[in-house]
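Q: One structure is given below, represented as structure tokens, and several questions about it will come after.
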Number of protein chains: 2
Amino acid sequence: MDKLKQMIIEKGEVREGNVLKVDNFLNHQIDTEFLYEVGEEFYRLFKEQEITKILTIEVSGIAIALMASLFFKVPVVFAKKTESLNLDKDIYKSKVFSYSKRKEYNIMISKRYLSKDDKVLIVDDFLAVGNAMTGLIDVTRQGGAEIKGIGIVIEKGFQPGGKLLRSQGFNLKSLAIIDDMSNGKIKFR
Amino acid sequence: MDKLKQMIIEKGEVREGNVLKVDNFLNHQIDTEFLYEVGEEFYRLFKEQEITKILTIEVSGIAIALMASLFFKVPVVFAKKTESLNLDKDIYKSKVFSYSKRKEYNIMISKRYLSKDDKVLIVDDFLAVGNAMTGLIDVTRQGGAEIKGIGIVIEKGFQPGGKLLRSQGFNLKSLAIIDDMSNGKIKFR
């Protein structure tokens with residue numbers, strides 16, 4: 001997606017430790033108009049898949065899933081990372097390690113919102129090592145739902161997540177794949 | 001907003017401790033089509049205010065802010081609750097106590113995304129005691145921005161937040177105000 005690459009070049013910032021900061025338009029401030037186009041692009045890529053539910057994980061995945069769901073006209077379910085009085089006791093759960101937060105957490109989805117009949121599109125902002133995605137896949141499978149596609153906004157192609165998921169046969173599409181940013185300059189695939 | 005009241009009656013669940021669970025359409029599963037109407041309603045209520053930015057707090061405020069921003073055509077900024085390697089060091093910060101999570105946390109906004117020239121609409125899913133909202137108001141004022149309106153989806157009218165904010169002169173509009181749900185039955189204002 002050319003506009004995304006342009007946004008990354010113009011507004012993204014490469015930080016130490018292969019961190020790409022895109023909080024100008026995606027992770028803290030949200031450029032809604034642009035994200036609407038991201039949603040439309042995911043629809044173009046996955047519209048043949050008879051999607052019944054769009055699944056993501058809090059926090060940054062929510063805006064992306066929501067924009068996609070405007071086109072798919074199906075509900076969003078976002079997996080939770082923190083326990084709350086408001087969360088059901090009856091949940092699917094998977095353990096994940098976050099590099100950016102440097103801690104382990106649970107991915108949780110209430111059993112009510114995922115069924116055997118669901119055909120799921122999973123979306124997220126970043127794919128790097130693939131820990132969060134592996135957790136999302138795990139909870140989706142616990143619910144017996146079928147994973148029809150995985151849509152990623154920015155894939156760090158120099159990390160193993162994308163390769164792993166493709167080798168497992170997932171229908172994974174990334175709107176931008178970064179192959180290198182080690183010297184501060186972003187090289188797209 | 002009649003449709004919201006209907007959704008609360010049909011799909012909400014009253015739990016012990018005056019907890020209203022609306023995770024069927026707002027807090028876990030998101031009914032995008034309905035939330036689009038919520039965004040439109042906030043636009044109707046605040047469109048005269050020359051809003052330049054919609055401010056909210058992760059997690060559940062994001063979807064609401066995003067839908068409103070589709071109509072206002074301005075960016076969303078969501079305050080963060082957790083430290084991250086990706087967050088700027090240069091932030092506005094306010095301390096808040098959460099009843100549902102039973103812990104204190106910081107509300108944080110990068111100084112880049114709030115300026116003296118901003119006319120802000122703050123939105124959130126719930127208003128009860130008003131702790132999170134007081135924190136959002138505090139960080140907005142630290143940034144020197146003007147608060148032109150506060151839009152709430154569900155106000156618990158039997159708790160003091162709404163009364164407090166109105167007495168302070170804020171242009172607060174709630175799409176549904178619950179005056180009582182103590183016996184499990186919801187009574188709207």
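Residues are referred to by chain and number: the chain letter is A, B, ... according to the order shown in the structure tokens, the number counts from 1 in that chain, and ligands are numbered separately from 1 in the order shown.
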Within 9 Å of Thr82 in chain B, counting only C-alpha atoms, which residues qualify if same-chain residues fewer than 6 places away don't, as a PyMOL selection string?
A: (chain A and resi 101) or (chain B and resi 105-108)
Q: Among chain B, which residues carry a DSSP assignment of helix (DSSP H, G or I), reported as a ChimeraX atom specification?
A: /B:2-11,32-49,61-72,111-113,131-142,161-167
Q: Return the single residue from B:Pro75, B:Gly130, B:Gly162, B:Gly144 that is closest to Tyr99 in chain B, with distances computed using only C-alpha atoms.
A: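 Closest to Tyr99 in chain B of all the choices is B:Gly130.
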Q: Select all residues from chain B having any atom no more than 6 Å from an atom of chain A (counting only C-alpha atoms, ignoring ligands), output as a ChimeraX atom specification.
A: /B:28-31,75-78,84-85,100-101
Q: Within 12 Å of Gln159 in chain B, counting only C-alpha atoms, which residues show up once you throw out same-chain ones fewer than 4 positions away? Write them as an mmCIF file with C-alpha atoms, in the first residue's frame, please.
A:
data_model
loop_
_atom_site.group_PDB
_atom_site.id
_atom_site.type_symbol
_atom_site.label_atom_id
_atom_site.label_comp_id
_atom_site.auth_asym_id
_atom_site.auth_seq_id
_atom_site.Cartn_x
_atom_site.Cartn_y
_atom_site.Cartn_z
ATOM 1 C CA ASN B 18 -23.462 -1.249 40.182
ATOM 2 C CA VAL B 19 -21.472 -2.728 37.296
ATOM 3 C CA PHE B 126 -18.677 5.556 30.854
ATOM 4 C CA LEU B 127 -18.872 8.380 33.353
ATOM 5 C CA ALA B 128 -19.360 7.353 36.980
ATOM 6 C CA VAL B 129 -17.226 8.905 39.726
ATOM 7 C CA GLY B 130 -15.375 10.826 37.047
ATOM 8 C CA ASN B 131 -11.815 9.848 37.937
ATOM 9 C CA ILE B 154 -23.341 5.964 29.341
ATOM 10 C CA GLU B 155 -23.464 8.149 32.448
ATOM 11 C CA LYS B 163 -22.988 16.528 38.546
ATOM 12 C CA LEU B 164 -19.441 17.583 39.411
ATOM 13 C CA LEU B 165 -18.421 18.273 35.802
ATOM 14 C CA ILE B 177 -28.060 8.602 31.834
ATOM 15 C CA ILE B 178 -28.911 5.807 34.243
ATOM 16 C CA ASP B 179 -30.461 7.090 37.446
ATOM 17 C CA ASP B 180 -30.861 3.775 39.153
ATOM 18 C CA MET B 181 -29.991 0.132 38.609
ATOM 19 C CA SER B 182 -29.708 -0.931 42.231
#
Q: Measuring between only C-alpha atoms, which one of B:Arg141, B:Lys148, B:Lys47, B:Lys103 shows the shortest distance to Ile122 in chain B?
A: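 Of B:Arg141, B:Lys148, B:Lys47, B:Lys103, the one nearest Ile122 in chain B, counting only C-alpha atoms, is B:Lys148.
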Q: Within 7 Å of Asp124 in chain B, counting only C-alpha atoms, which residues qualify if same-chain residues fewer than 3 places away don't, as a list in words?
A: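 With the cut-off at 7 Å, the set is Thr56, Gly61, Gly151, Ile152 and Val153 of chain B.
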Q: Any chance you could export the current selection's C-alpha atoms as a PDB file, in the first residue's frame?
A:
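As a result, out22.pdb now contains:
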ATOM      1  CA  THR B  56     -10.066   9.786  24.745  1.00  0.00           C
ATOM      2  CA  GLY B  61     -12.847   5.070  24.394  1.00  0.00           C
ATOM      3  CA  GLY B 151     -19.298  13.351  25.212  1.00  0.00           C
ATOM      4  CA  ILE B 152     -20.193  10.281  27.229  1.00  0.00           C
ATOM      5  CA  VAL B 153     -21.983   7.181  25.987  1.00  0.00           C
TER       6      VAL B 153
END
Q: When distances are computed from only C-alpha atoms, which of A:Ala132, A:Val38, A:Ile137, A:Leu121 shows the smallest separation from Asp2 in chain A?
A: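 When distances to Asp2 in chain A are compared using only C-alpha atoms, the smallest one comes from A:Val38.
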Q: Please provide as a CSV table (one decimal) with C-alpha atoms, in the first residue's frame all residues within 10 Å of Lys5 in chain A, with the sequence filter that same-chain residues fewer than 3 positions apart are discarded (counting only C-alpha atoms).
A:
chain,number,residue,atom,x,y,z
A,1,MET,CA,0.0,0.0,0.0
A,2,ASP,CA,1.9,3.0,-1.4
A,8,ILE,CA,6.0,5.5,7.3
A,9,ILE,CA,8.8,7.4,5.5
A,10,GLU,CA,7.4,10.9,6.2
A,11,LYS,CA,6.0,10.4,9.7
A,12,GLY,CA,7.6,7.3,11.2
A,154,ILE,CA,3.4,-3.1,9.1
A,175,LEU,CA,0.3,-3.7,3.8
A,176,ALA,CA,3.9,-2.8,4.2
A,177,ILE,CA,6.9,-5.1,4.8
A,178,ILE,CA,10.1,-3.6,6.1
A,186,ILE,CA,13.8,2.1,6.0
A,187,LYS,CA,14.0,-0.4,3.2
A,188,PHE,CA,10.7,-1.9,2.0
